[in-house]
$ cat work-v2.cif   # mmCIF, C-alpha atoms
data_protein
loop_
_atom_site.group_PDB
_atom_site.id
_atom_site.type_symbol
_atom_site.label_atom_id
_atom_site.label_comp_id
_atom_site.auth_asym_id
_atom_site.auth_seq_id
_atom_site.Cartn_x
_atom_site.Cartn_y
_atom_site.Cartn_z
ATOM 1 C CA THR A 1 -30.899 132.850 -59.006
ATOM 2 C CA GLN A 2 -33.299 135.759 -59.245
ATOM 3 C CA LEU A 3 -31.679 139.157 -59.818
ATOM 4 C CA LEU A 4 -33.110 142.650 -59.783
ATOM 5 C CA GLU A 5 -31.310 145.410 -61.654
ATOM 6 C CA GLN A 6 -32.052 148.968 -60.667
ATOM 7 C CA SER A 7 -31.315 151.998 -62.799
ATOM 8 C CA PRO A 8 -29.978 154.543 -62.644
ATOM 9 C CA GLN A 9 -27.610 153.785 -59.800
ATOM 10 C CA PHE A 10 -27.301 157.485 -58.925
ATOM 11 C CA LEU A 11 -29.623 160.380 -59.735
ATOM 12 C CA SER A 12 -29.164 164.023 -58.776
ATOM 13 C CA ILE A 13 -31.896 166.485 -59.680
ATOM 14 C CA GLN A 14 -33.253 169.895 -58.719
ATOM 15 C CA GLU A 15 -36.296 170.371 -56.574
ATOM 16 C CA GLY A 16 -39.454 170.469 -58.676
ATOM 17 C CA GLU A 17 -38.216 168.115 -61.396
ATOM 18 C CA ASN A 18 -39.831 164.804 -62.286
ATOM 19 C CA LEU A 19 -37.954 161.507 -62.342
ATOM 20 C CA THR A 20 -38.418 157.813 -63.002
ATOM 21 C CA VAL A 21 -36.343 154.945 -61.632
ATOM 22 C CA TYR A 22 -36.492 151.394 -62.870
ATOM 23 C CA CYS A 23 -36.315 147.887 -61.515
ATOM 24 C CA ASN A 24 -35.823 145.064 -64.031
ATOM 25 C CA SER A 25 -35.420 141.315 -63.953
ATOM 26 C CA SER A 26 -35.530 138.314 -66.240
ATOM 27 C CA SER A 27 -37.481 136.466 -63.541
ATOM 28 C CA VAL A 28 -41.155 136.617 -62.680
ATOM 29 C CA PHE A 29 -42.017 137.753 -59.180
ATOM 30 C CA SER A 30 -45.194 137.152 -57.218
ATOM 31 C CA SER A 31 -45.019 140.729 -55.981
ATOM 32 C CA LEU A 32 -42.658 143.671 -55.994
ATOM 33 C CA GLN A 33 -42.073 146.048 -53.149
ATOM 34 C CA TRP A 34 -40.470 149.461 -53.043
ATOM 35 C CA TYR A 35 -38.630 150.713 -50.000
ATOM 36 C CA ARG A 36 -36.875 153.969 -49.171
ATOM 37 C CA GLN A 37 -33.824 153.905 -46.968
ATOM 38 C CA GLU A 38 -32.262 156.950 -45.360
ATOM 39 C CA PRO A 39 -28.657 157.011 -44.116
ATOM 40 C CA GLY A 40 -28.237 155.098 -40.892
ATOM 41 C CA GLU A 41 -31.759 153.684 -40.966
ATOM 42 C CA GLY A 42 -33.528 150.569 -42.133
ATOM 43 C CA PRO A 43 -35.639 150.316 -45.288
ATOM 44 C CA VAL A 44 -39.172 151.661 -44.987
ATOM 45 C CA LEU A 45 -41.874 150.073 -47.105
ATOM 46 C CA LEU A 46 -43.512 152.450 -49.584
ATOM 47 C CA VAL A 47 -45.752 150.140 -51.589
ATOM 48 C CA THR A 48 -46.358 146.583 -52.739
ATOM 49 C CA VAL A 49 -47.587 145.766 -56.252
ATOM 50 C CA VAL A 50 -49.024 142.333 -56.873
ATOM 51 C CA THR A 51 -50.949 142.230 -60.162
ATOM 52 C CA GLY A 52 -49.310 142.546 -63.583
ATOM 53 C CA GLY A 53 -49.992 146.003 -65.006
ATOM 54 C CA GLU A 54 -50.967 147.369 -61.618
ATOM 55 C CA VAL A 55 -50.483 151.083 -60.960
ATOM 56 C CA LYS A 56 -50.468 152.517 -57.451
ATOM 57 C CA LYS A 57 -50.231 156.148 -56.429
ATOM 58 C CA LEU A 58 -48.909 157.462 -53.170
ATOM 59 C CA LYS A 59 -49.226 161.271 -53.264
ATOM 60 C CA ARG A 60 -46.520 162.351 -55.749
ATOM 61 C CA LEU A 61 -45.185 158.819 -56.221
ATOM 62 C CA THR A 62 -46.553 156.486 -58.903
ATOM 63 C CA PHE A 63 -45.571 152.822 -58.950
ATOM 64 C CA GLN A 64 -46.154 150.462 -61.836
ATOM 65 C CA PHE A 65 -45.745 146.706 -62.085
ATOM 66 C CA GLY A 66 -44.992 145.353 -65.546
ATOM 67 C CA ASP A 67 -47.567 143.210 -67.314
ATOM 68 C CA ALA A 68 -45.276 140.184 -67.149
ATOM 69 C CA ARG A 69 -44.426 140.870 -63.478
ATOM 70 C CA LYS A 70 -40.715 141.092 -64.274
ATOM 71 C CA ASP A 71 -40.199 144.817 -63.900
ATOM 72 C CA SER A 72 -41.414 147.890 -62.100
ATOM 73 C CA SER A 73 -40.984 151.639 -62.169
ATOM 74 C CA LEU A 74 -41.273 154.465 -59.682
ATOM 75 C CA HIS A 75 -42.135 157.927 -60.926
ATOM 76 C CA ILE A 76 -41.858 160.979 -58.684
ATOM 77 C CA THR A 77 -43.566 164.201 -59.691
ATOM 78 C CA ALA A 78 -42.243 167.564 -58.544
ATOM 79 C CA ALA A 79 -39.480 166.101 -56.387
ATOM 80 C CA GLN A 80 -38.804 167.635 -52.985
ATOM 81 C CA THR A 81 -35.628 167.612 -50.904
ATOM 82 C CA GLY A 82 -37.380 165.245 -48.502
ATOM 83 C CA ASP A 83 -37.496 162.634 -51.285
ATOM 84 C CA THR A 84 -33.721 162.232 -51.025
ATOM 85 C CA GLY A 85 -32.760 158.677 -50.153
ATOM 86 C CA LEU A 86 -31.929 155.215 -51.430
ATOM 87 C CA TYR A 87 -34.834 153.620 -53.261
ATOM 88 C CA LEU A 88 -34.825 149.841 -53.180
ATOM 89 C CA CYS A 89 -37.005 147.410 -55.047
ATOM 90 C CA ALA A 90 -37.507 143.914 -53.689
ATOM 91 C CA GLY A 91 -39.123 140.920 -55.324
ATOM 92 C CA GLU A 92 -41.025 138.153 -53.637
ATOM 93 C CA GLY A 93 -40.167 134.820 -55.220
ATOM 94 C CA ARG A 94 -42.752 132.408 -56.487
ATOM 95 C CA GLU A 95 -41.355 129.822 -54.108
ATOM 96 C CA ARG A 96 -40.119 130.575 -50.595
ATOM 97 C CA ASN A 97 -42.271 133.656 -50.741
ATOM 98 C CA TYR A 98 -40.928 134.986 -47.450
ATOM 99 C CA LYS A 99 -37.550 135.540 -49.074
ATOM 100 C CA LEU A 100 -37.074 138.904 -50.736
ATOM 101 C CA THR A 101 -34.540 139.567 -53.483
ATOM 102 C CA PHE A 102 -33.347 143.163 -53.331
ATOM 103 C CA GLY A 103 -31.855 145.357 -56.017
ATOM 104 C CA LYS A 104 -28.826 147.487 -55.174
ATOM 105 C CA GLY A 105 -30.937 150.612 -55.206
ATOM 106 C CA THR A 106 -31.072 154.044 -56.793
ATOM 107 C CA LEU A 107 -29.518 156.802 -54.699
ATOM 108 C CA LEU A 108 -31.617 159.913 -55.295
ATOM 109 C CA THR A 109 -30.434 163.373 -54.308
ATOM 110 C CA VAL A 110 -32.860 166.249 -54.648
ATOM 111 C CA ASN A 111 -31.092 169.595 -54.483
ATOM 112 C CA PRO A 112 -32.834 172.763 -53.277
ATOM 113 C CA ASN B 1 -46.691 150.768 -30.642
ATOM 114 C CA ALA B 2 -42.981 150.107 -30.984
ATOM 115 C CA GLY B 3 -41.594 148.890 -34.273
ATOM 116 C CA VAL B 4 -38.817 146.372 -34.745
ATOM 117 C CA MET B 5 -36.093 147.156 -32.226
ATOM 118 C CA GLN B 6 -32.476 146.297 -32.888
ATOM 119 C CA ASN B 7 -29.525 146.783 -30.614
ATOM 120 C CA PRO B 8 -26.884 147.828 -30.491
ATOM 121 C CA ARG B 9 -27.089 150.384 -33.314
ATOM 122 C CA HIS B 10 -23.324 150.328 -33.702
ATOM 123 C CA LEU B 11 -20.917 147.575 -32.705
ATOM 124 C CA VAL B 12 -17.144 147.562 -33.014
ATOM 125 C CA ARG B 13 -15.297 144.289 -32.610
ATOM 126 C CA ARG B 14 -11.680 143.278 -33.056
ATOM 127 C CA ARG B 15 -10.896 140.411 -35.369
ATOM 128 C CA GLY B 16 -11.476 137.107 -33.592
ATOM 129 C CA GLN B 17 -14.077 138.416 -31.143
ATOM 130 C CA GLU B 18 -17.739 137.484 -31.042
ATOM 131 C CA ALA B 19 -20.562 139.762 -32.137
ATOM 132 C CA ARG B 20 -24.111 139.406 -30.794
ATOM 133 C CA LEU B 21 -26.883 141.294 -32.522
ATOM 134 C CA ARG B 22 -30.350 141.483 -31.003
ATOM 135 C CA CYS B 23 -33.751 141.951 -32.581
ATOM 136 C CA SER B 24 -37.097 142.364 -30.857
ATOM 137 C CA PRO B 25 -39.914 141.956 -33.382
ATOM 138 C CA MET B 26 -43.054 144.037 -33.446
ATOM 139 C CA LYS B 27 -45.651 143.043 -30.905
ATOM 140 C CA GLY B 28 -47.637 140.081 -32.154
ATOM 141 C CA HIS B 29 -45.099 139.153 -34.835
ATOM 142 C CA SER B 30 -43.709 135.655 -34.578
ATOM 143 C CA HIS B 31 -41.720 135.609 -37.839
ATOM 144 C CA VAL B 32 -38.239 137.137 -37.913
ATOM 145 C CA TYR B 33 -35.872 137.602 -40.846
ATOM 146 C CA TRP B 34 -32.256 138.730 -40.898
ATOM 147 C CA TYR B 35 -30.698 140.511 -43.867
ATOM 148 C CA ARG B 36 -27.161 141.796 -44.395
ATOM 149 C CA GLN B 37 -26.262 144.899 -46.367
ATOM 150 C CA LEU B 38 -22.687 145.206 -47.530
ATOM 151 C CA PRO B 39 -21.361 148.528 -48.894
ATOM 152 C CA GLU B 40 -22.469 149.014 -52.512
ATOM 153 C CA GLU B 41 -24.600 145.862 -52.307
ATOM 154 C CA GLY B 42 -28.285 145.212 -51.916
ATOM 155 C CA LEU B 43 -29.740 143.553 -48.872
ATOM 156 C CA LYS B 44 -29.132 139.816 -48.844
ATOM 157 C CA PHE B 45 -31.362 137.323 -47.056
ATOM 158 C CA MET B 46 -29.611 135.417 -44.298
ATOM 159 C CA VAL B 47 -32.108 133.502 -42.178
ATOM 160 C CA TYR B 48 -35.807 133.143 -41.365
ATOM 161 C CA LEU B 49 -36.899 132.090 -37.900
ATOM 162 C CA GLN B 50 -40.099 131.448 -36.042
ATOM 163 C CA LYS B 51 -40.263 131.072 -32.305
ATOM 164 C CA GLU B 52 -37.798 128.318 -31.329
ATOM 165 C CA ASN B 53 -37.374 127.217 -34.951
ATOM 166 C CA ILE B 54 -35.004 127.979 -37.786
ATOM 167 C CA ILE B 55 -37.086 127.750 -40.942
ATOM 168 C CA ASP B 56 -34.548 128.713 -43.601
ATOM 169 C CA GLU B 57 -30.875 129.515 -43.040
ATOM 170 C CA SER B 58 -29.844 129.151 -46.668
ATOM 171 C CA GLY B 59 -28.401 132.669 -46.830
ATOM 172 C CA MET B 60 -26.241 132.369 -43.769
ATOM 173 C CA PRO B 61 -22.557 131.357 -43.990
ATOM 174 C CA LYS B 62 -22.184 127.809 -42.715
ATOM 175 C CA GLU B 63 -19.341 128.640 -40.364
ATOM 176 C CA ARG B 64 -19.170 131.182 -37.547
ATOM 177 C CA PHE B 65 -22.752 132.427 -38.006
ATOM 178 C CA SER B 66 -25.744 131.242 -36.010
ATOM 179 C CA ALA B 67 -29.193 132.567 -35.206
ATOM 180 C CA GLU B 68 -31.881 131.822 -32.680
ATOM 181 C CA PHE B 69 -35.312 133.056 -31.709
ATOM 182 C CA PRO B 70 -36.098 131.667 -28.261
ATOM 183 C CA LYS B 71 -39.537 131.307 -26.733
ATOM 184 C CA GLU B 72 -38.826 134.308 -24.554
ATOM 185 C CA GLY B 73 -36.661 137.255 -25.499
ATOM 186 C CA PRO B 74 -35.262 138.698 -28.685
ATOM 187 C CA SER B 75 -33.863 136.975 -31.723
ATOM 188 C CA ILE B 76 -30.068 136.805 -31.656
ATOM 189 C CA LEU B 77 -27.677 136.731 -34.599
ATOM 190 C CA ARG B 78 -24.285 135.540 -33.409
ATOM 191 C CA ILE B 79 -21.066 135.858 -35.340
ATOM 192 C CA GLN B 80 -18.074 134.076 -33.856
ATOM 193 C CA GLN B 81 -14.440 134.932 -34.585
ATOM 194 C CA VAL B 82 -15.352 137.963 -36.657
ATOM 195 C CA VAL B 83 -13.268 138.932 -39.684
ATOM 196 C CA ARG B 84 -13.030 142.244 -41.558
ATOM 197 C CA GLY B 85 -15.383 140.940 -44.252
ATOM 198 C CA ASP B 86 -18.170 140.664 -41.670
ATOM 199 C CA SER B 87 -18.308 144.468 -41.455
ATOM 200 C CA ALA B 88 -21.768 145.379 -42.706
ATOM 201 C CA ALA B 89 -25.184 146.594 -41.654
ATOM 202 C CA TYR B 90 -27.396 143.812 -40.335
ATOM 203 C CA PHE B 91 -31.136 144.336 -40.508
ATOM 204 C CA CYS B 92 -33.919 142.432 -38.873
ATOM 205 C CA ALA B 93 -37.498 142.395 -40.110
ATOM 206 C CA SER B 94 -40.627 140.859 -38.671
ATOM 207 C CA SER B 95 -44.083 139.915 -39.861
ATOM 208 C CA SER B 96 -47.259 138.352 -38.526
ATOM 209 C CA SER B 97 -47.373 135.791 -41.337
ATOM 210 C CA PRO B 98 -44.662 134.074 -43.359
ATOM 211 C CA GLN B 99 -45.667 135.543 -46.672
ATOM 212 C CA GLY B 100 -43.642 138.446 -47.981
ATOM 213 C CA THR B 101 -46.404 139.731 -50.210
ATOM 214 C CA TYR B 102 -47.359 142.714 -48.096
ATOM 215 C CA GLY B 103 -43.887 143.773 -47.143
ATOM 216 C CA TYR B 104 -41.880 143.737 -43.996
ATOM 217 C CA THR B 105 -41.167 146.147 -41.185
ATOM 218 C CA PHE B 106 -37.447 146.532 -40.771
ATOM 219 C CA GLY B 107 -35.508 147.677 -37.763
ATOM 220 C CA SER B 108 -32.911 150.443 -37.922
ATOM 221 C CA GLY B 109 -30.117 147.920 -38.125
ATOM 222 C CA THR B 110 -26.861 147.162 -36.369
ATOM 223 C CA ARG B 111 -23.744 148.466 -38.041
ATOM 224 C CA LEU B 112 -20.906 146.093 -37.305
ATOM 225 C CA THR B 113 -17.349 147.273 -37.797
ATOM 226 C CA VAL B 114 -14.520 144.795 -37.427
ATOM 227 C CA VAL B 115 -11.147 146.373 -36.767
#

$ encode --input "work-v2.cif" --output "structure tokens"
Amino acid sequence: TQLLEQSPQFLSIQEGENLTVYCNSSSVFSSLQWYRQEPGEGPVLLVTVVTGGEVKKLKRLTFQFGDARKDSSLHITAAQTGDTGLYLCAGEGRERNYKLTFGKGTLLTVNP
Amino acid sequence: NAGVMQNPRHLVRRRGQEARLRCSPMKGHSHVYWYRQLPEEGLKFMVYLQKENIIDESGMPKERFSAEFPKEGPSILRIQQVVRGDSAAYFCASSSSPQGTYGYTFGSGTRLTVV
């Protein structure tokens, strides 16, 4: 069974601070996706990383896929209150590649 | 250009009743996936369907749960004789191809409460 561990589980910071959240596994994934979920809504895809060592930037968000494709990180620069939400990572298995394995998420609160 | 539409958004059922959750995929998408999110848990895969076919139902409980995606109309997730433990948010996602590599578009979910 493939598992994804996300850390920290909860993170509360002030506006303007930087932060990094992590997604780790002992399994290799074909790709890793990051989603943000707001209360009462479904997950919204932020990015997909496919190649080991890959780095993708989305404005103030930087995503990295580990060289061994077992882990990923999300770094947010100068956090804003609008970044508040549940950040989920999801791995695409090497077999049954339609089936995503989700972590439990990091609940980020950015305070004004 | 509507996204994935799920209804109802909220559903309250008494123990023993049936719950029917509907999902209309994005236009042009013929692959539908259902996930369940329990409190304090990550999303768990339940079932993958294509039009008129169940491709993988390995994540769905063997009893009381069923899913379909008919030729016409939305995909339906049916839960018979609901119990308190079925209370959760149920999300549907769709894609134009079966590969998960490029991510899925999820609906806003149906929040089922069993009283």

$ atom_distance --input "work-v2.cif" --atom1 "CA of Leu11 in chain A" --atom2 "CA of Ile76 in chain A"
12.3 Å

$ residues_around --input "work-v2.cif" --residues "Gly91 in chain A" --least-positions-apart "4" --cutoff "7 Å" --atoms "only C-alpha atoms" --output "number ranges by chain"
A: 29, 31-33, 100-102

$ residues_around --input "work-v2.cif" --residues "range 47-50 of chain A" --least-positions-apart "3" --cutoff "12 Å" --atoms "only C-alpha atoms" --output "JSON, numbers by chain"
{"A": [28, 29, 30, 31, 32, 33, 34, 35, 36, 43, 44, 53, 54, 55, 56, 57, 58, 59, 61, 62, 63, 64, 65, 66, 67, 68, 69, 70, 71, 72, 73, 74, 87, 88, 89, 90, 91, 92, 93, 94], "B": [100, 101, 102, 103, 104]}

$ write_last_selection --input "work-v2.cif" --atoms "C-alpha atoms" --output "JSON list (two decimals), in the coordinates of the input"
[["chain", "number", "residue", "atom", "x", "y", "z"],
["A", 28, "VAL", "CA", -41.16, 136.62, -62.68],
["A", 29, "PHE", "CA", -42.02, 137.75, -59.18],
["A", 30, "SER", "CA", -45.19, 137.15, -57.22],
["A", 31, "SER", "CA", -45.02, 140.73, -55.98],
["A", 32, "LEU", "CA", -42.66, 143.67, -55.99],
["A", 33, "GLN", "CA", -42.07, 146.05, -53.15],
["A", 34, "TRP", "CA", -40.47, 149.46, -53.04],
["A", 35, "TYR", "CA", -38.63, 150.71, -50.00],
["A", 36, "ARG", "CA", -36.88, 153.97, -49.17],
["A", 43, "PRO", "CA", -35.64, 150.32, -45.29],
["A", 44, "VAL", "CA", -39.17, 151.66, -44.99],
["A", 53, "GLY", "CA", -49.99, 146.00, -65.01],
["A", 54, "GLU", "CA", -50.97, 147.37, -61.62],
["A", 55, "VAL", "CA", -50.48, 151.08, -60.96],
["A", 56, "LYS", "CA", -50.47, 152.52, -57.45],
["A", 57, "LYS", "CA", -50.23, 156.15, -56.43],
["A", 58, "LEU", "CA", -48.91, 157.46, -53.17],
["A", 59, "LYS", "CA", -49.23, 161.27, -53.26],
["A", 61, "LEU", "CA", -45.18, 158.82, -56.22],
["A", 62, "THR", "CA", -46.55, 156.49, -58.90],
["A", 63, "PHE", "CA", -45.57, 152.82, -58.95],
["A", 64, "GLN", "CA", -46.15, 150.46, -61.84],
["A", 65, "PHE", "CA", -45.74, 146.71, -62.08],
["A", 66, "GLY", "CA", -44.99, 145.35, -65.55],
["A", 67, "ASP", "CA", -47.57, 143.21, -67.31],
["A", 68, "ALA", "CA", -45.28, 140.18, -67.15],
["A", 69, "ARG", "CA", -44.43, 140.87, -63.48],
["A", 70, "LYS", "CA", -40.72, 141.09, -64.27],
["A", 71, "ASP", "CA", -40.20, 144.82, -63.90],
["A", 72, "SER", "CA", -41.41, 147.89, -62.10],
["A", 73, "SER", "CA", -40.98, 151.64, -62.17],
["A", 74, "LEU", "CA", -41.27, 154.46, -59.68],
["A", 87, "TYR", "CA", -34.83, 153.62, -53.26],
["A", 88, "LEU", "CA", -34.83, 149.84, -53.18],
["A", 89, "CYS", "CA", -37.01, 147.41, -55.05],
["A", 90, "ALA", "CA", -37.51, 143.91, -53.69],
["A", 91, "GLY", "CA", -39.12, 140.92, -55.32],
["A", 92, "GLU", "CA", -41.02, 138.15, -53.64],
["A", 93, "GLY", "CA", -40.17, 134.82, -55.22],
["A", 94, "ARG", "CA", -42.75, 132.41, -56.49],
["B", 100, "GLY", "CA", -43.64, 138.45, -47.98],
["B", 101, "THR", "CA", -46.40, 139.73, -50.21],
["B", 102, "TYR", "CA", -47.36, 142.71, -48.10],
["B", 103, "GLY", "CA", -43.89, 143.77, -47.14],
["B", 104, "TYR", "CA", -41.88, 143.74, -44.00]]

$ resolve_selection --input "work-v2.cif" --expression "the PyMOL selection byres ((chain B and resi 20) around 9)" --output "list of chain:residue names"
B:Pro8, B:Leu11, B:Glu18, B:Ala19, B:Leu21, B:Arg22, B:Ile76, B:Leu77, B:Arg78, B:Ile79, B:Gln80

$ resolve_selection --input "work-v2.cif" --expression "the PyMOL selection byres ((chain B and resi 93-99) around 10)" --output "MDAnalysis selection string"
(chainID A and resid 42:43 92 96:99) or (chainID B and resid 3:6 23:35 48:50 91:92 100:109)

$ closest_residue --input "work-v2.cif" --among "B:Ser75, B:Val114, B:Arg36, B:Glu41" --to "Met60 in chain B" --atoms "only C-alpha atoms"
B:Arg36

$ residues_near_point --input "work-v2.cif" --point "(-21.1, 149.2, -46.7)" --cutoff "10 Å" --atoms "only C-alpha atoms" --output "ChimeraX atom specification"
/B:36-42,87-89,111-113

$ resolve_selection --input "work-v2.cif" --expression "the PyMOL selection byres ((chain A and resi 8) around 10)" --output "ChimeraX atom specification"
/A:5-7,9-11,20-23,105-108

$ atom_distance --input "work-v2.cif" --atom1 "CA of Pro70 in chain B" --atom2 "CA of Val47 in chain B"
14.6 Å

$ atom_distance --input "work-v2.cif" --atom1 "CA of His75 in chain A" --atom2 "CA of Pro112 in chain A"
19.1 Å

$ closest_residue --input "work-v2.cif" --among "B:Glu57, B:Glu72, B:Gln17, B:Lys51" --to "chain A" --atoms "only C-alpha atoms"
B:Glu57
